[in-house]
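As stored in target34.cif (mmCIF, C-alpha atoms):
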```cif
data_my_file
#
loop_
_atom_site.label_atom_id
_atom_site.label_comp_id
_atom_site.auth_asym_id
_atom_site.auth_seq_id
_atom_site.Cartn_x
_atom_site.Cartn_y
_atom_site.Cartn_z
CA MET A 1 59.05 53.98 49.11
CA LEU A 2 60.82 56.39 51.41
CA LEU A 3 64.50 56.96 50.79
CA ILE A 4 65.29 55.86 54.35
CA GLU A 5 63.68 52.47 53.62
CA LYS A 6 65.85 52.03 50.53
CA MET A 7 68.89 52.87 52.65
CA ARG A 8 67.91 50.26 55.24
CA GLN A 9 67.51 47.62 52.53
CA ASP A 10 70.87 48.57 51.01
CA GLN A 11 72.46 48.44 54.45
CA ILE A 12 71.21 44.89 54.97
CA ALA A 13 72.44 43.92 51.49
CA ALA A 14 75.87 45.41 52.29
CA MET A 15 76.03 43.36 55.48
CA LYS A 16 75.16 40.19 53.56
CA GLU A 17 77.85 41.04 50.99
CA LYS A 18 80.27 41.66 53.87
CA ASN A 19 80.98 45.11 52.44
CA GLY A 20 81.92 46.96 55.63
CA GLU A 21 82.77 50.28 53.97
CA LYS A 22 79.38 50.51 52.26
CA LYS A 23 77.55 49.48 55.43
CA LEU A 24 79.36 52.15 57.45
CA ALA A 25 78.62 54.86 54.88
CA ILE A 26 74.92 54.00 54.81
CA SER A 27 74.77 53.66 58.60
CA ALA A 28 76.22 57.17 58.98
CA LEU A 29 73.48 58.56 56.73
CA ILE A 30 70.71 56.74 58.58
CA ASP A 31 72.07 57.81 61.96
CA GLY A 32 72.40 61.42 60.83
CA ALA A 33 68.79 61.47 59.62
CA LYS A 34 67.57 59.86 62.86
CA LYS A 35 69.45 62.45 64.93
CA ILE A 36 67.79 65.35 63.09
CA VAL A 37 64.32 63.82 63.47
CA ILE A 38 64.84 63.05 67.15
CA ASP A 39 66.04 66.61 67.77
CA LYS A 40 62.86 67.88 66.12
CA GLY A 41 60.72 65.44 68.09
CA GLY A 42 59.54 63.48 65.06
CA ASP A 43 59.07 59.84 64.10
CA ARG A 44 62.46 58.18 63.70
CA VAL A 45 61.09 55.25 61.69
CA ASN A 46 59.39 57.07 58.81
CA ILE A 47 61.86 59.86 58.19
CA PRO A 48 60.78 62.31 55.46
CA ASP A 49 62.87 62.33 52.28
CA GLU A 50 63.75 66.02 52.60
CA ILE A 51 65.57 65.35 55.88
CA VAL A 52 67.40 62.37 54.40
CA VAL A 53 68.42 64.42 51.35
CA GLN A 54 69.67 67.17 53.66
CA VAL A 55 71.88 64.64 55.47
CA VAL A 56 73.12 63.13 52.19
CA MET A 57 74.08 66.53 50.77
CA LYS A 58 75.89 67.51 53.96
CA GLU A 59 77.79 64.21 53.99
CA LEU A 60 78.76 64.62 50.32
CA LYS A 61 80.13 68.06 51.05
CA THR A 62 82.13 66.73 54.01
CA ILE A 63 83.60 63.86 51.99
CA LYS A 64 84.45 66.20 49.11
CA GLU A 65 86.34 68.43 51.53
CA GLN A 66 88.19 65.37 52.87
CA ILE A 67 89.18 64.38 49.34
CA ASP A 68 90.35 67.91 48.53
CA SER A 69 92.41 68.26 51.70
CA CYS A 70 93.92 64.76 51.67
CA PRO A 71 97.65 64.64 50.85
CA SER A 72 98.26 63.15 47.40
CA ASP A 73 100.73 60.62 48.77
CA ARG A 74 98.00 59.05 50.95
CA THR A 75 96.41 57.03 48.16
CA ASP A 76 94.89 54.61 50.67
CA LEU A 77 92.88 57.41 52.28
CA LEU A 78 91.95 58.93 48.92
CA ASP A 79 90.63 55.59 47.70
CA GLU A 80 88.61 55.17 50.90
CA PHE A 81 87.12 58.68 50.62
CA LYS A 82 86.28 58.18 46.94
CA LYS A 83 84.52 54.87 47.62
CA ARG A 84 82.56 56.45 50.44
CA TYR A 85 81.66 59.39 48.19
CA ASP A 86 80.31 56.99 45.57
CA TYR A 87 78.23 55.10 48.15
CA VAL A 88 76.68 58.32 49.47
CA LYS A 89 76.23 59.85 46.00
CA ALA A 90 73.88 56.99 45.12
CA TYR A 91 71.28 58.57 47.45
CA ALA A 92 71.75 62.17 46.33
CA PRO A 93 69.11 63.76 44.13
CA GLU A 94 70.08 64.72 40.59
CA LEU A 95 71.39 68.29 40.77
CA MET A 96 70.30 70.96 38.33
CA SER A 97 72.64 71.94 35.51
CA ARG A 98 74.10 75.41 35.09
CA ASP A 99 71.68 76.21 32.24
CA ASP A 100 68.68 75.06 34.27
CA ILE A 101 69.71 77.24 37.21
CA ILE A 102 70.16 80.30 35.01
CA LYS A 103 66.79 79.70 33.34
CA LEU A 104 64.99 79.29 36.69
CA ILE A 105 66.59 82.41 38.16
CA ASN A 106 65.77 84.50 35.10
CA ASP A 107 62.18 83.17 34.89
CA LYS A 108 61.13 83.28 38.55
CA PHE A 109 63.36 85.98 39.98
CA SER A 110 63.87 88.46 37.13
CA ASP A 111 62.55 91.34 39.24
CA VAL A 112 65.12 90.65 41.99
CA VAL A 113 67.95 90.09 39.49
CA ALA A 114 67.24 93.48 37.91
CA GLY A 115 68.31 95.12 41.18
CA LYS A 116 71.82 93.59 40.89
CA ASN A 117 71.97 93.09 44.68
CA LYS A 118 73.70 89.76 45.25
CA GLY A 119 72.47 89.40 48.82
CA LEU A 120 68.82 89.90 47.87
CA ILE A 121 69.11 87.55 44.91
CA MET A 122 70.69 84.80 47.02
CA LYS A 123 68.05 85.29 49.72
CA ALA A 124 65.27 84.88 47.16
CA VAL A 125 66.82 82.05 45.17
CA MET A 126 68.24 79.72 47.84
CA PRO A 127 64.93 78.48 49.32
CA GLU A 128 63.85 77.48 45.81
CA LEU A 129 67.12 75.76 44.87
CA LYS A 130 68.20 74.27 48.20
CA GLY A 131 69.00 70.59 47.71
CA LYS A 132 68.39 70.86 43.96
CA ALA A 133 71.62 72.60 42.96
CA ASP A 134 75.16 73.06 44.19
CA GLY A 135 75.48 76.17 46.37
CA LYS A 136 78.86 77.15 44.92
CA LEU A 137 77.45 77.00 41.39
CA ILE A 138 74.45 79.11 42.40
CA ASN A 139 76.80 81.65 43.96
CA GLU A 140 78.91 81.82 40.77
CA ILE A 141 75.83 82.30 38.58
CA VAL A 142 74.42 85.05 40.83
CA GLU A 143 77.83 86.73 40.81
CA GLU A 144 77.78 86.74 37.00
CA LEU A 145 74.21 88.07 36.89
CA CYS A 146 75.16 90.97 39.15
CA LYS A 147 77.86 92.22 36.79
#
```
Translate this structure into structure tokens?
Amino acid sequence: MLLIEKMRQDQIAAMKEKNGEKKLAISALIDGAKKIVIDKGGDRVNIPDEIVVQVVMKELKTIKEQIDSCPSDRTDLLDEFKKRYDYVKAYAPELMSRDDIIKLINDKFSDVVAGKNKGLIMKAVMPELKGKADGKLINEIVEELCK
């Protein structure tokens, strides 16, 4: 089953449960995926999982930034952002651990790492790890490998 289909089923379930926050979070993901597919001229019914994951990861990053920048005295907003984050996180792929990232970089890209050029390493590594690992974590690991 495509991830978009699971989202649609969950959206219907949220409507039946009268859970407006969950429905809105899922709707935003579905709409974001549809927009990307329409812009590319694709089929907006059977949206590929990689596009949906791309939208999910972008939304998670946005919500995380909202949580980080929210004033601590606005507990109502923080609670809303955290709930939304949890709803969206349910559709995110499992991200690689720090050890897994280091192992993959050292196994597949040892020749590039030997050059100690951060830009070249990132250019080689990112296509392989995009959507599988946190970009900030990858950046930190590459920074350490270049020392």
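Between Asn117 in chain A and the candidates A:Cys146, A:Ile141, A:Ile51, A:Met57, the tightest atom-to-atom separation, counting all atoms listed in the file, involves A:Cys146.
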What do you get, as a list in words, if you spell out every residue that the PyMOL selection byres ((chain A and resi 14-28) around 9) selects here? Met7, Arg8, Gln9, Asp10, Gln11, Ile12, Ala13, Leu29, Ile30, Asp31, Gly32, Ala33, Glu59, Glu80, Lys83, Arg84, Tyr85, Tyr87 and Val88 of chain A
Selected by the PyMOL selection byres ((chain A and resi 119-130) around 12) in the shown coordinates: which residues, as an MDAnalysis selection string? chainID A and resid 50 53:54 57:58 93 95:97 100:102 104:118 131:146
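Going from CA of Ile4 in chain A to CA of Val55 in chain A covers 11.0 Å.
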Pairwise distance for CA of Leu78 in chain A and CA of Lys64 in chain A, rounded to one decimal in Å: 10.4 Å
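Coordinates place CA of Ile67 in chain A at a distance of 28.5 Å from CA of Glu5 in chain A.
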Where's the centre, and what are the edge lengths in Å to one decimal, of a box along x, y and z enclosing all listed atoms of range 125-139 of chain A padded 6 Å per side, as JSON?
```
{"center_x": 71.4, "center_y": 76.3, "center_z": 45.4, "size_x": 27.0, "size_y": 23.5, "size_z": 19.9}
```
Once the PyMOL selection byres ((chain A and resi 2) around 9) has been evaluated on this model, what residues remain selected, and can you format them as number ranges by chain? A: 1, 3-7, 46-49
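Distance annotation: of A:Lys147, A:Glu94, A:Lys103, A:Lys89, the residue with the minimal separation from Lys61 in chain A is A:Lys89; atom set is only C-alpha atoms.
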Shell of 12 Å around Asp68 in chain A, only C-alpha atoms, local chain residues under 6 positions omitted, as a list of chain:residue names: A:Lys61, A:Thr62, A:Arg74, A:Leu77, A:Leu78, A:Phe81, A:Lys82
With C-alpha atoms kept, could you save the residues just selected as a short mmCIF file (atom, residue, chain, number, x, y, z; two decimals), keeping the file's coordinate frame?
```cif
data_model
loop_
_atom_site.label_atom_id
_atom_site.label_comp_id
_atom_site.auth_asym_id
_atom_site.auth_seq_id
_atom_site.Cartn_x
_atom_site.Cartn_y
_atom_site.Cartn_z
CA LYS A 61 80.13 68.06 51.05
CA THR A 62 82.13 66.73 54.01
CA ARG A 74 98.00 59.05 50.95
CA LEU A 77 92.88 57.41 52.28
CA LEU A 78 91.95 58.93 48.92
CA PHE A 81 87.12 58.68 50.62
CA LYS A 82 86.28 58.18 46.94
#
```
